[in-house]
$ cat coords_33.cif   # mmCIF, C-alpha atoms (C1' of nucleotides)
data_my_file
#
loop_
_atom_site.label_atom_id
_atom_site.label_comp_id
_atom_site.auth_asym_id
_atom_site.auth_seq_id
_atom_site.Cartn_x
_atom_site.Cartn_y
_atom_site.Cartn_z
CA MET W 19 146.54 31.75 264.87
CA PRO W 20 145.59 31.82 268.54
CA ILE W 21 147.57 34.26 270.67
CA ASP W 22 149.63 32.49 273.23
CA GLU W 23 148.00 33.57 276.46
CA LEU W 24 150.84 32.28 278.55
CA ALA W 25 153.29 34.38 276.59
CA LYS W 26 151.17 37.40 277.37
CA LEU W 27 151.23 36.53 281.04
CA ARG W 28 155.00 36.15 281.01
CA LEU W 29 155.37 39.47 279.30
CA ILE W 30 153.25 41.29 281.84
CA LEU W 31 155.07 39.71 284.74
CA LYS W 32 158.47 40.45 283.31
CA ASN W 33 157.63 44.04 282.37
CA GLN W 34 156.47 44.77 285.87
CA GLY W 35 159.51 43.22 287.46
CA HIS W 36 157.99 40.00 288.74
CA GLN W 37 159.37 36.53 288.31
CA ILE W 38 157.92 33.95 286.01
CA THR W 39 157.35 30.90 288.13
CA LYS W 40 155.72 27.51 287.75
CA ALA W 41 153.21 28.36 290.45
CA ARG W 42 152.18 31.55 288.67
CA GLU W 43 151.75 29.82 285.36
CA ALA W 44 149.79 27.06 287.02
CA THR W 45 147.55 29.55 288.78
CA PHE W 46 147.00 31.32 285.51
CA ARG W 47 146.09 28.08 283.77
CA LEU W 48 143.47 27.44 286.42
CA LEU W 49 141.75 30.62 285.31
CA LEU W 50 142.24 30.30 281.59
CA HIS W 51 139.29 29.37 279.39
CA SER W 52 137.00 29.06 282.33
CA GLU W 53 133.81 30.55 283.60
CA PRO W 54 134.27 32.86 286.55
CA GLN W 55 135.17 30.64 289.49
CA SER W 56 134.97 30.98 293.24
CA LEU W 57 138.25 30.79 295.10
CA ASN W 58 137.06 27.52 296.45
CA GLU W 59 136.50 26.05 293.02
CA ILE W 60 139.95 27.17 292.04
CA LEU W 61 141.47 25.59 295.11
CA MET W 62 139.64 22.36 294.34
CA LYS W 63 140.96 22.27 290.81
CA ALA W 64 144.45 23.03 292.05
CA ASP W 65 144.19 20.21 294.55
CA GLY W 66 147.61 20.46 296.06
CA GLN W 67 149.51 21.12 292.86
CA VAL W 68 149.93 24.64 294.14
CA ASP W 69 149.58 25.61 297.75
CA ARG W 70 146.46 27.42 298.98
CA VAL W 71 148.46 30.38 300.18
CA THR W 72 150.36 30.66 296.95
CA ILE W 73 147.15 30.75 294.98
CA TYR W 74 145.80 33.49 297.17
CA ARG W 75 149.01 35.42 296.78
CA ASN W 76 149.22 34.99 293.05
CA ILE W 77 145.64 35.89 292.43
CA ASP W 78 146.21 39.00 294.51
CA LEU W 79 149.17 39.77 292.33
CA PHE W 80 147.14 39.13 289.20
CA GLU W 81 144.54 41.54 290.46
CA LYS W 82 147.17 44.17 291.15
CA LEU W 83 148.62 43.75 287.67
CA GLY W 84 145.20 43.76 286.07
CA ILE W 85 145.51 40.18 284.88
CA ALA W 86 142.48 38.96 286.77
CA HIS W 87 139.65 40.51 288.74
CA ARG W 88 136.68 39.70 290.87
CA ILE W 89 133.09 39.90 289.87
CA TYR W 90 130.19 39.70 292.21
CA ILE W 91 127.47 37.25 291.39
CA GLY W 92 124.55 36.91 293.72
CA TRP W 93 126.16 36.86 297.15
CA LYS W 94 129.63 35.69 296.43
CA TYR W 95 132.49 36.83 294.34
CA LYS W 96 134.20 34.90 291.62
CA ILE W 97 137.49 35.34 289.83
CA GLU W 98 137.96 35.67 286.11
CA LEU W 99 140.74 36.76 283.84
CA SER W 100 140.43 40.39 282.92
CA ASP W 101 139.37 42.19 279.80
CA GLU W 102 142.73 41.84 278.16
CA PHE W 103 142.26 38.09 278.05
CA THR W 104 138.52 37.80 277.74
CA GLY W 105 137.28 41.16 276.48
CA HIS W 106 135.26 43.49 278.66
CA HIS W 107 131.83 42.17 279.41
CA HIS W 108 129.13 41.73 281.99
CA HIS W 109 127.07 38.81 283.19
CA LEU W 110 123.60 37.49 283.48
CA SER W 111 123.64 34.97 286.30
CA CYS W 112 120.91 32.53 287.03
CA LEU W 113 119.79 32.55 290.64
CA ARG W 114 118.67 28.96 290.40
CA CYS W 115 121.24 26.95 288.45
CA GLY W 116 124.15 29.35 288.75
CA LYS W 117 124.76 29.51 285.02
CA VAL W 118 126.59 32.61 283.85
CA ILE W 119 125.93 34.22 280.47
CA ASP W 120 128.43 36.73 279.18
CA ILE W 121 127.04 39.88 277.62
CA GLU W 122 129.06 42.35 275.67
CA ASP W 123 127.19 45.40 274.39
CA GLU W 124 128.64 48.39 276.14
CA THR W 125 126.96 51.22 274.34
CA HIS W 126 124.17 51.90 276.76
CA ILE W 127 126.30 51.49 279.82
CA ASP W 128 129.09 53.69 278.61
CA GLU W 129 126.63 56.37 277.63
CA PHE W 130 125.08 56.24 281.03
CA ILE W 131 128.40 56.44 282.80
CA GLN W 132 129.40 59.43 280.74
CA ASP W 133 126.18 61.25 281.57
CA VAL W 134 126.40 60.64 285.24
CA ALA W 135 130.10 61.28 285.56
CA LYS W 136 129.69 64.67 283.92
CA LYS W 137 126.85 65.56 286.23
CA PHE W 138 128.89 64.94 289.37
CA GLY W 139 132.35 65.84 288.10
CA PHE W 140 133.27 62.25 288.81
CA GLN W 141 136.13 60.54 287.04
CA PRO W 142 135.16 56.93 286.39
CA ARG W 143 137.87 54.31 286.47
CA ARG W 144 136.06 51.03 286.30
CA HIS W 145 132.56 49.75 286.57
CA GLN W 146 130.73 46.63 287.40
CA PHE W 147 127.38 45.56 286.18
CA GLU W 148 125.65 42.32 287.02
CA VAL W 149 122.15 41.12 286.39
CA ASP W 150 120.66 38.27 288.39
CA GLY W 151 117.52 36.46 287.40
CA TYR W 152 116.36 33.22 285.87
CA CYS W 153 117.73 31.71 282.72
CA GLN W 154 115.50 30.28 280.02
CA ASP W 155 115.76 26.74 281.37
CA CYS W 156 114.99 27.68 284.93
CA GLN W 157 111.97 29.89 284.38
CA SER W 158 109.43 27.12 284.05
CA ASN W 159 110.42 25.12 287.11
CA GLU W 160 111.29 28.06 289.27
CA MET V 15 103.17 62.51 306.52
CA PRO V 16 106.10 60.15 306.63
CA ILE V 17 105.30 56.50 306.06
CA ASP V 18 106.03 54.46 309.09
CA GLU V 19 108.88 52.26 307.97
CA LEU V 20 108.57 50.00 310.95
CA ALA V 21 104.95 49.35 310.13
CA LYS V 22 106.02 48.33 306.66
CA LEU V 23 108.55 45.94 308.12
CA ARG V 24 105.98 44.39 310.41
CA LEU V 25 103.60 43.96 307.54
CA ILE V 26 106.14 42.16 305.42
CA LEU V 27 107.17 39.89 308.24
CA LYS V 28 103.62 39.04 309.13
CA ASN V 29 102.52 38.46 305.56
CA GLN V 30 105.32 36.01 305.02
CA GLY V 31 104.62 34.14 308.20
CA HIS V 32 107.49 35.39 310.33
CA GLN V 33 107.31 36.71 313.82
CA ILE V 34 107.67 40.33 314.77
CA THR V 35 110.35 40.46 317.42
CA LYS V 36 112.31 43.07 319.26
CA ALA V 37 115.54 41.79 317.76
CA ARG V 38 114.18 42.11 314.24
CA GLU V 39 112.95 45.61 314.78
CA ALA V 40 116.24 46.57 316.37
CA THR V 41 118.17 45.10 313.47
CA PHE V 42 115.96 46.98 311.07
CA ARG V 43 116.52 50.23 312.92
CA LEU V 44 120.25 49.74 312.58
CA LEU V 45 119.81 49.87 308.83
CA LEU V 46 117.24 52.60 308.61
CA HIS V 47 118.26 56.05 307.36
CA SER V 48 121.86 55.03 306.96
CA GLU V 49 124.46 54.80 304.27
CA PRO V 50 125.28 51.26 303.23
CA GLN V 51 127.15 49.70 306.16
CA SER V 52 129.54 46.82 306.53
CA LEU V 53 128.39 44.01 308.77
CA ASN V 54 131.09 45.10 311.14
CA GLU V 55 129.81 48.63 311.36
CA ILE V 56 126.38 47.26 312.05
CA LEU V 57 127.69 44.99 314.78
CA MET V 58 129.52 47.94 316.34
CA LYS V 59 126.37 50.02 316.39
CA ALA V 60 124.44 47.13 317.85
CA ASP V 61 127.05 46.70 320.55
CA GLY V 62 125.50 43.84 322.44
CA GLN V 63 121.91 45.07 322.27
CA VAL V 64 121.34 42.27 319.84
CA ASP V 65 123.59 39.25 319.56
CA ARG V 66 126.00 38.95 316.66
CA VAL V 67 124.47 35.73 315.49
CA THR V 68 120.99 37.13 315.62
CA ILE V 69 122.00 40.06 313.47
CA TYR V 70 123.50 37.72 310.92
CA ARG V 71 120.37 35.63 310.92
CA ASN V 72 118.01 38.54 310.68
CA ILE V 73 119.89 40.23 307.93
CA ASP V 74 119.83 36.93 306.06
CA LEU V 75 116.11 36.85 306.57
CA PHE V 76 115.79 40.45 305.42
CA GLU V 77 117.71 39.55 302.30
CA LYS V 78 115.47 36.61 301.63
CA LEU V 79 112.37 38.75 302.07
CA GLY V 80 113.80 41.53 299.94
CA ILE V 81 113.93 43.96 302.82
CA ALA V 82 117.67 44.49 302.61
CA HIS V 83 120.43 43.57 300.24
CA ARG V 84 124.16 43.66 299.75
CA ILE V 85 126.05 45.94 297.47
CA TYR V 86 129.68 45.61 296.59
CA ILE V 87 131.89 48.63 296.92
CA GLY V 88 135.51 48.08 296.06
CA TRP V 89 136.32 44.69 297.60
CA LYS V 90 133.89 44.54 300.41
CA TYR V 91 130.19 44.31 300.62
CA LYS V 92 127.87 46.53 302.56
CA ILE V 93 124.26 46.19 303.58
CA GLU V 94 121.50 48.62 302.81
CA LEU V 95 117.74 48.54 302.95
CA SER V 96 116.27 47.71 299.61
CA ASP V 97 114.48 49.74 297.00
CA GLU V 98 111.18 49.64 298.76
CA PHE V 99 112.67 51.64 301.61
CA THR V 100 115.26 53.74 299.86
CA GLY V 101 114.31 53.83 296.18
CA HIS V 102 116.36 51.92 293.65
CA HIS V 103 119.68 53.50 292.91
CA HIS V 104 123.32 52.92 292.16
CA HIS V 105 126.57 54.30 293.45
CA LEU V 106 129.61 56.17 292.40
CA SER V 107 132.32 55.36 294.92
CA CYS V 108 135.55 57.21 295.22
CA LEU V 109 138.59 54.99 295.25
CA ARG V 110 140.53 57.51 297.27
CA CYS V 111 138.32 58.99 299.96
CA GLY V 112 135.61 56.34 299.98
CA LYS V 113 132.76 58.78 299.49
CA VAL V 114 129.64 57.23 298.00
CA ILE V 115 127.35 59.18 295.69
CA ASP V 116 123.89 57.82 295.02
CA ILE V 117 122.68 57.99 291.45
CA GLU V 118 119.17 57.44 290.37
CA ASP V 119 118.50 57.77 286.66
CA GLU V 120 117.62 54.33 285.46
CA THR V 121 116.52 54.90 281.91
CA HIS V 122 119.61 53.73 280.11
CA ILE V 123 120.19 50.78 282.36
CA ASP V 124 116.65 49.52 282.20
CA GLU V 125 116.66 49.82 278.44
CA PHE V 126 119.82 47.84 278.24
CA ILE V 127 118.58 45.14 280.54
CA GLN V 128 115.39 44.78 278.54
CA ASP V 129 117.32 44.40 275.31
CA VAL V 130 119.68 41.82 276.62
CA ALA V 131 117.13 39.85 278.57
CA LYS V 132 115.01 39.49 275.47
CA LYS V 133 117.97 38.30 273.46
CA PHE V 134 118.74 35.46 275.86
CA GLY V 135 115.25 34.66 277.08
CA PHE V 136 116.50 35.66 280.50
CA GLN V 137 114.16 36.84 283.23
CA PRO V 138 115.88 39.59 285.18
CA ARG V 139 115.17 39.90 288.87
CA ARG V 140 117.62 42.41 290.15
CA HIS V 141 120.71 44.14 289.02
CA GLN V 142 123.70 45.78 290.46
CA PHE V 143 125.69 48.58 289.02
CA GLU V 144 128.66 50.24 290.63
CA VAL V 145 131.10 52.74 289.28
CA ASP V 146 134.45 53.29 290.97
CA GLY V 147 136.62 56.26 290.23
CA TYR V 148 137.65 59.59 291.68
CA CYS V 149 135.28 62.21 293.00
CA GLN V 150 135.67 65.86 292.19
CA ASP V 151 137.65 66.63 295.32
CA CYS V 152 140.06 63.78 294.88
CA GLN V 153 140.94 64.27 291.25
CA SER V 154 143.49 67.04 291.74
CA ASN V 155 145.47 65.42 294.53
CA GLU V 156 145.16 61.87 293.24
"C1'" DT R 3 177.31 27.60 287.68
"C1'" DC R 4 176.96 30.60 291.68
"C1'" DC R 5 174.85 34.34 294.17
"C1'" DA R 6 171.31 37.56 295.50
"C1'" DA R 7 166.67 38.19 295.55
"C1'" DT R 8 162.14 36.56 295.09
"C1'" DT R 9 158.79 33.16 295.72
"C1'" DT R 10 156.88 29.07 297.75
"C1'" DG R 11 154.95 25.91 301.23
"C1'" DC R 12 154.09 24.92 305.76
"C1'" DA R 13 152.28 25.82 310.26
"C1'" DA R 14 150.15 28.82 313.02
"C1'" DC R 15 146.96 32.51 313.37
"C1'" DA R 16 143.00 35.88 312.86
"C1'" DG R 17 138.56 37.17 311.61
"C1'" DA R 18 134.05 36.26 309.57
"C1'" DA R 19 130.27 33.46 309.33
"C1'" DT R 20 127.67 29.15 310.71
"C1'" DT R 21 125.72 25.41 313.64
"C1'" DG R 22 123.58 22.95 317.64
"C1'" DC R 23 121.01 23.48 321.35
"C1'" DA R 24 118.89 25.05 325.64
"C1'" DA R 25 116.50 29.06 327.18
"C1'" DT R 26 113.44 32.66 325.95
"C1'" DG R 27 109.91 35.15 323.53
"C1'" DT R 28 105.85 35.29 320.42
"C1'" DT R 29 101.56 33.78 318.62
"C1'" DT R 30 97.48 31.08 318.67
"C1'" DT R 31 94.02 28.58 320.92
"C1'" DT R 32 91.01 27.92 324.36
"C1'" DA T 21 94.49 35.55 330.46
"C1'" DA T 22 96.85 31.14 330.70
"C1'" DA T 23 98.64 27.24 328.29
"C1'" DA T 24 100.36 24.95 324.45
"C1'" DA T 25 102.78 25.15 320.17
"C1'" DC T 26 106.08 27.09 317.72
"C1'" DA T 27 109.64 30.42 316.28
"C1'" DT T 28 113.48 33.02 317.67
"C1'" DT T 29 117.42 34.22 320.46
"C1'" DG T 30 121.93 33.94 322.72
"C1'" DC T 31 125.79 31.40 323.86
"C1'" DA T 32 129.62 28.20 323.03
"C1'" DA T 33 131.88 25.75 319.89
"C1'" DT T 34 133.04 25.10 315.25
"C1'" DT T 35 134.01 25.78 310.41
"C1'" DC T 36 135.50 28.50 306.68
"C1'" DT T 37 138.27 32.00 304.49
"C1'" DG T 38 142.00 34.61 304.19
"C1'" DT T 39 146.65 36.20 306.31
"C1'" DT T 40 151.39 36.23 308.45
"C1'" DG T 41 156.17 34.69 309.63
"C1'" DC T 42 159.72 32.15 308.34
"C1'" DA T 43 162.80 28.48 306.54
"C1'" DA T 44 163.54 26.08 302.28
"C1'" DA T 45 163.32 26.13 297.38
"C1'" DT T 46 163.22 28.44 292.98
"C1'" DT T 47 164.35 32.02 289.70
"C1'" DG T 48 167.08 35.44 287.03
"C1'" DG T 49 171.33 37.54 286.18
"C1'" DA T 50 176.36 37.76 286.38
#
$ encode --input "coords_33.cif" --output "structure tokens"
Amino acid sequence: MPIDELAKLRLILKNQGHQITKAREATFRLLLHSEPQSLNEILMKADGQVDRVTIYRNIDLFEKLGIAHRIYIGWKYKIELSDEFTGHHHHLSCLRCGKVIDIEDETHIDEFIQDVAKKFGFQPRRHQFEVDGYCQDCQSNE
Amino acid sequence: MPIDELAKLRLILKNQGHQITKAREATFRLLLHSEPQSLNEILMKADGQVDRVTIYRNIDLFEKLGIAHRIYIGWKYKIELSDEFTGHHHHLSCLRCGKVIDIEDETHIDEFIQDVAKKFGFQPRRHQFEVDGYCQDCQSNE
DNA sequence: TCCAATTTGCAACAGAATTGCAATGTTTTT
DNA sequence: AAAAACATTGCAATTCTGTTGCAAATTGGA
């Protein structure tokens, strides 16, 4: 029984006092079940169904509501749905072919954050961890 | 006896077949002994000594040669000289006051990267790790 | 269904980064 | 040390990315 992701979206919007609109659902669908995408890729896929500006605005809103967030891969950022929809994870991104591998083990990272936070009296809120390199396929013909 | 950073720069440029120019040295000096800076901050500091475009181009070159690199803090990116000049490290950045704390212990992170890389046959080249949260001073009056 | 409030799309704008090219500076060769 | 060969710079113009103002359309609630 797959959870209805759209229902979740509607719930979040409603609970936070925002309207449920076609454009928002469409924007959400552009992100759903997809690798992290650049804004440009998203705009391409949208191709006029939803206006450029509206997509920007709705993704901003999604970020504010914690529905989506940016990750930084190589030079650029990409958008992906947030932990609630995809589970918290990090990425290995290939510098050559651009492939993105999701990685999930948090143990080491959490440990590390705890250590460091304690040392500096810092209160961590979120973290970002990205590894760039070459994927199996791209190592030979690098 | 402090290492002459400029000499190091010249060596790298020369070895890779690039010219040593006033503009490149000036651009380098803008980065030296400084917190990570936004491109804008760099352009301000440069203030016409070196042309905007030239700074863009030289920082690109520095990135390609591994002399400098971008880090992402909050939404924006900043430029800093790379490990060879500053030592590899990560950052705790305060979401409220913007303060950046450098952190250095790598043990946990390196371990983790080794584990994961092995699992996926991935060849890591560089990694990025940023923690956002609230620094000691900003926790009370958050 | 009607009204108030929010959201959307368009057009215009602003800022960041890139490109083409002539002028300049750097390196190599003699 | 001068000339030739090549790389780099600065400027103007352009492209790309993201934002703003506002009228028209859509949404949610009575």
$ residues_around --input "coords_33.cif" --residues "range 28-38 of chain T" --least-positions-apart "6" --cutoff "7 Å" --atoms "only C-alpha atoms (C1' of nucleotides)" --output "ChimeraX atom specification"
/V:65,68 /R:26
$ interface_residues --input "coords_33.cif" --of "chain V" --to "chain R" --cutoff "8 Å" --atoms "all atoms listed in the file" --output "list in words"
Gln33, Ile34 and Thr35 of chain V
$ interface_residues --input "coords_33.cif" --of "chain T" --to "chain W" --cutoff "9 Å" --atoms "only C-alpha atoms (C1' of nucleotides)" --output "count of residues only"
5
$ calpha_fit_and_write --input "coords_33.cif" --fixed "chain V" --moving "chain W" --output "mmCIF file with C-alpha atoms, in the coordinates of the input"
data_model
loop_
_atom_site.group_PDB
_atom_site.id
_atom_site.type_symbol
_atom_site.label_atom_id
_atom_site.label_comp_id
_atom_site.auth_asym_id
_atom_site.auth_seq_id
_atom_site.Cartn_x
_atom_site.Cartn_y
_atom_site.Cartn_z
ATOM 1 C CA MET W 19 103.464 62.813 306.603
ATOM 2 C CA PRO W 20 106.400 60.416 306.710
ATOM 3 C CA ILE W 21 105.504 56.753 306.274
ATOM 4 C CA ASP W 22 106.270 54.777 309.347
ATOM 5 C CA GLU W 23 109.059 52.518 308.175
ATOM 6 C CA LEU W 24 108.819 50.324 311.213
ATOM 7 C CA ALA W 25 105.155 49.717 310.535
ATOM 8 C CA LYS W 26 106.089 48.583 307.062
ATOM 9 C CA LEU W 27 108.640 46.202 308.494
ATOM 10 C CA ARG W 28 106.111 44.764 310.922
ATOM 11 C CA LEU W 29 103.640 44.282 308.138
ATOM 12 C CA ILE W 30 106.087 42.399 305.964
ATOM 13 C CA LEU W 31 107.168 40.178 308.813
ATOM 14 C CA LYS W 32 103.637 39.417 309.865
ATOM 15 C CA ASN W 33 102.403 38.749 306.329
ATOM 16 C CA GLN W 34 105.152 36.251 305.755
ATOM 17 C CA GLY W 35 104.549 34.475 309.019
ATOM 18 C CA HIS W 36 107.522 35.735 310.991
ATOM 19 C CA GLN W 37 107.480 37.146 314.475
ATOM 20 C CA ILE W 38 107.947 40.775 315.290
ATOM 21 C CA THR W 39 110.720 40.902 317.822
ATOM 22 C CA LYS W 40 112.791 43.550 319.552
ATOM 23 C CA ALA W 41 115.945 42.188 317.968
ATOM 24 C CA ARG W 42 114.457 42.434 314.485
ATOM 25 C CA GLU W 43 113.285 45.968 315.001
ATOM 26 C CA ALA W 44 116.645 46.910 316.427
ATOM 27 C CA THR W 45 118.458 45.344 313.499
ATOM 28 C CA PHE W 46 116.191 47.198 311.143
ATOM 29 C CA ARG W 47 116.855 50.488 312.900
ATOM 30 C CA LEU W 48 120.568 49.937 312.441
ATOM 31 C CA LEU W 49 119.985 49.981 308.704
ATOM 32 C CA LEU W 50 117.427 52.739 308.528
ATOM 33 C CA HIS W 51 118.439 56.144 307.191
ATOM 34 C CA SER W 52 121.987 55.068 306.708
ATOM 35 C CA GLU W 53 124.504 54.774 303.953
ATOM 36 C CA PRO W 54 125.231 51.217 302.919
ATOM 37 C CA GLN W 55 127.201 49.678 305.771
ATOM 38 C CA SER W 56 129.568 46.762 306.100
ATOM 39 C CA LEU W 57 128.498 44.015 308.459
ATOM 40 C CA ASN W 58 131.301 45.103 310.671
ATOM 41 C CA GLU W 59 130.055 48.658 310.881
ATOM 42 C CA ILE W 60 126.640 47.350 311.742
ATOM 43 C CA LEU W 61 128.037 45.131 314.454
ATOM 44 C CA MET W 62 129.949 48.084 315.869
ATOM 45 C CA LYS W 63 126.849 50.224 316.013
ATOM 46 C CA ALA W 64 124.917 47.392 317.609
ATOM 47 C CA ASP W 65 127.632 46.985 320.204
ATOM 48 C CA GLY W 66 126.093 44.228 322.221
ATOM 49 C CA GLN W 67 122.535 45.500 322.154
ATOM 50 C CA VAL W 68 121.830 42.636 319.808
ATOM 51 C CA ASP W 69 123.998 39.584 319.519
ATOM 52 C CA ARG W 70 126.330 39.134 316.539
ATOM 53 C CA VAL W 71 124.660 35.913 315.520
ATOM 54 C CA THR W 72 121.213 37.393 315.751
ATOM 55 C CA ILE W 73 122.200 40.241 313.491
ATOM 56 C CA TYR W 74 123.572 37.840 310.946
ATOM 57 C CA ARG W 75 120.415 35.796 311.134
ATOM 58 C CA ASN W 76 118.085 38.737 310.886
ATOM 59 C CA ILE W 77 119.896 40.330 308.025
ATOM 60 C CA ASP W 78 119.727 36.995 306.245
ATOM 61 C CA LEU W 79 116.025 36.979 306.882
ATOM 62 C CA PHE W 80 115.712 40.545 305.653
ATOM 63 C CA GLU W 81 117.492 39.554 302.490
ATOM 64 C CA LYS W 82 115.175 36.604 301.994
ATOM 65 C CA LEU W 83 112.129 38.810 302.486
ATOM 66 C CA GLY W 84 113.522 41.509 300.243
ATOM 67 C CA ILE W 85 113.792 44.016 303.066
ATOM 68 C CA ALA W 86 117.517 44.501 302.696
ATOM 69 C CA HIS W 87 120.198 43.490 300.230
ATOM 70 C CA ARG W 88 123.889 43.568 299.610
ATOM 71 C CA ILE W 89 125.710 45.794 297.232
ATOM 72 C CA TYR W 90 129.274 45.386 296.202
ATOM 73 C CA ILE W 91 131.510 48.385 296.478
ATOM 74 C CA GLY W 92 135.129 48.061 295.547
ATOM 75 C CA TRP W 93 136.162 44.787 297.150
ATOM 76 C CA LYS W 94 133.683 44.386 299.911
ATOM 77 C CA TYR W 95 129.981 44.166 300.212
ATOM 78 C CA LYS W 96 127.747 46.417 302.208
ATOM 79 C CA ILE W 97 124.171 46.123 303.371
ATOM 80 C CA GLU W 98 121.403 48.573 302.661
ATOM 81 C CA LEU W 99 117.661 48.548 302.922
ATOM 82 C CA SER W 100 116.055 47.614 299.657
ATOM 83 C CA ASP W 101 114.228 49.563 297.018
ATOM 84 C CA GLU W 102 110.969 49.508 298.883
ATOM 85 C CA PHE W 103 112.520 51.621 301.608
ATOM 86 C CA THR W 104 115.047 53.628 299.671
ATOM 87 C CA GLY W 105 113.972 53.489 296.032
ATOM 88 C CA HIS W 106 115.948 51.587 293.436
ATOM 89 C CA HIS W 107 119.274 53.158 292.703
ATOM 90 C CA HIS W 108 122.930 52.597 292.025
ATOM 91 C CA HIS W 109 126.128 54.008 293.436
ATOM 92 C CA LEU W 110 129.195 55.945 292.593
ATOM 93 C CA SER W 111 131.797 55.019 295.177
ATOM 94 C CA CYS W 112 135.005 56.844 295.735
ATOM 95 C CA LEU W 113 138.040 54.590 295.775
ATOM 96 C CA ARG W 114 139.910 57.007 297.980
ATOM 97 C CA CYS W 115 137.582 58.339 300.674
ATOM 98 C CA GLY W 116 134.904 55.675 300.446
ATOM 99 C CA LYS W 117 132.091 58.154 299.950
ATOM 100 C CA VAL W 118 129.010 56.734 298.270
ATOM 101 C CA ILE W 119 126.806 58.797 295.960
ATOM 102 C CA ASP W 120 123.385 57.462 295.110
ATOM 103 C CA ILE W 121 122.300 57.717 291.498
ATOM 104 C CA GLU W 122 118.816 57.110 290.282
ATOM 105 C CA ASP W 123 118.277 57.412 286.533
ATOM 106 C CA GLU W 124 117.326 54.000 285.284
ATOM 107 C CA THR W 125 116.404 54.719 281.719
ATOM 108 C CA HIS W 126 119.638 53.774 280.060
ATOM 109 C CA ILE W 127 120.199 50.728 282.175
ATOM 110 C CA ASP W 128 116.731 49.356 281.752
ATOM 111 C CA GLU W 129 116.920 49.868 278.024
ATOM 112 C CA PHE W 130 120.176 48.034 277.902
ATOM 113 C CA ILE W 131 118.887 45.148 279.953
ATOM 114 C CA GLN W 132 115.870 44.817 277.723
ATOM 115 C CA ASP W 133 118.019 44.708 274.602
ATOM 116 C CA VAL W 134 120.368 42.131 275.916
ATOM 117 C CA ALA W 135 117.756 39.963 277.551
ATOM 118 C CA LYS W 136 115.852 39.734 274.285
ATOM 119 C CA LYS W 137 118.979 38.792 272.407
ATOM 120 C CA PHE W 138 119.726 35.826 274.655
ATOM 121 C CA GLY W 139 116.198 34.840 275.643
ATOM 122 C CA PHE W 140 117.232 35.647 279.181
ATOM 123 C CA GLN W 141 114.710 36.571 281.832
ATOM 124 C CA PRO W 142 116.226 39.242 284.059
ATOM 125 C CA ARG W 143 115.278 39.273 287.709
ATOM 126 C CA ARG W 144 117.569 41.787 289.289
ATOM 127 C CA HIS W 145 120.630 43.733 288.393
ATOM 128 C CA GLN W 146 123.505 45.421 290.024
ATOM 129 C CA PHE W 147 125.458 48.326 288.760
ATOM 130 C CA GLU W 148 128.310 50.021 290.546
ATOM 131 C CA VAL W 149 130.781 52.609 289.414
ATOM 132 C CA ASP W 150 134.056 53.132 291.243
ATOM 133 C CA GLY W 151 136.260 56.132 290.736
ATOM 134 C CA TYR W 152 137.231 59.372 292.391
ATOM 135 C CA CYS W 153 134.822 61.893 293.777
ATOM 136 C CA GLN W 154 135.189 65.606 293.152
ATOM 137 C CA ASP W 155 137.068 66.192 296.399
ATOM 138 C CA CYS W 156 139.510 63.376 295.888
ATOM 139 C CA GLN W 157 140.522 64.035 292.304
ATOM 140 C CA SER W 158 143.048 66.741 293.032
ATOM 141 C CA ASN W 159 144.955 64.965 295.781
ATOM 142 C CA GLU W 160 144.684 61.521 294.322
#
$ residues_around --input "coords_33.cif" --residues "Phe134 in chain V" --least-positions-apart "3" --cutoff "8 Å" --atoms "only C-alpha atoms (C1' of nucleotides)" --output "ChimeraX atom specification"
/W:153-154 /V:130-131
$ atom_distance --input "coords_33.cif" --atom1 "CA of Glu49 in chain V" --atom2 "CA of Glu129 in chain W"
26.8 Å
$ interface_residues --input "coords_33.cif" --of "chain V" --to "chain W" --cutoff "10 Å" --atoms "only C-alpha atoms" --output "PyMOL selection string"
chain V and resi 83-91+106-109+115+117-127+129-131+134-153
$ resolve_selection --input "coords_33.cif" --expression "the PyMOL selection byres ((chain V and resi 23) around 12)" --output "PyMOL selection string"
chain V and resi 17-22+24-30+32-35+38-43+45-46+75-76+79-82+95-96+98-99
$ write_last_selection --input "coords_33.cif" --atoms "C-alpha atoms" --output "CSV table (one decimal), in the coordinates of the input"
chain,number,residue,atom,x,y,z
V,17,ILE,CA,105.3,56.5,306.1
V,18,ASP,CA,106.0,54.5,309.1
V,19,GLU,CA,108.9,52.3,308.0
V,20,LEU,CA,108.6,50.0,311.0
V,21,ALA,CA,105.0,49.4,310.1
V,22,LYS,CA,106.0,48.3,306.7
V,24,ARG,CA,106.0,44.4,310.4
V,25,LEU,CA,103.6,44.0,307.5
V,26,ILE,CA,106.1,42.2,305.4
V,27,LEU,CA,107.2,39.9,308.2
V,28,LYS,CA,103.6,39.0,309.1
V,29,ASN,CA,102.5,38.5,305.6
V,30,GLN,CA,105.3,36.0,305.0
V,32,HIS,CA,107.5,35.4,310.3
V,33,GLN,CA,107.3,36.7,313.8
V,34,ILE,CA,107.7,40.3,314.8
V,35,THR,CA,110.4,40.5,317.4
V,38,ARG,CA,114.2,42.1,314.2
V,39,GLU,CA,113.0,45.6,314.8
V,40,ALA,CA,116.2,46.6,316.4
V,41,THR,CA,118.2,45.1,313.5
V,42,PHE,CA,116.0,47.0,311.1
V,43,ARG,CA,116.5,50.2,312.9
V,45,LEU,CA,119.8,49.9,308.8
V,46,LEU,CA,117.2,52.6,308.6
V,75,LEU,CA,116.1,36.8,306.6
V,76,PHE,CA,115.8,40.4,305.4
V,79,LEU,CA,112.4,38.8,302.1
V,80,GLY,CA,113.8,41.5,299.9
V,81,ILE,CA,113.9,44.0,302.8
V,82,ALA,CA,117.7,44.5,302.6
V,95,LEU,CA,117.7,48.5,303.0
V,96,SER,CA,116.3,47.7,299.6
V,98,GLU,CA,111.2,49.6,298.8
V,99,PHE,CA,112.7,51.6,301.6
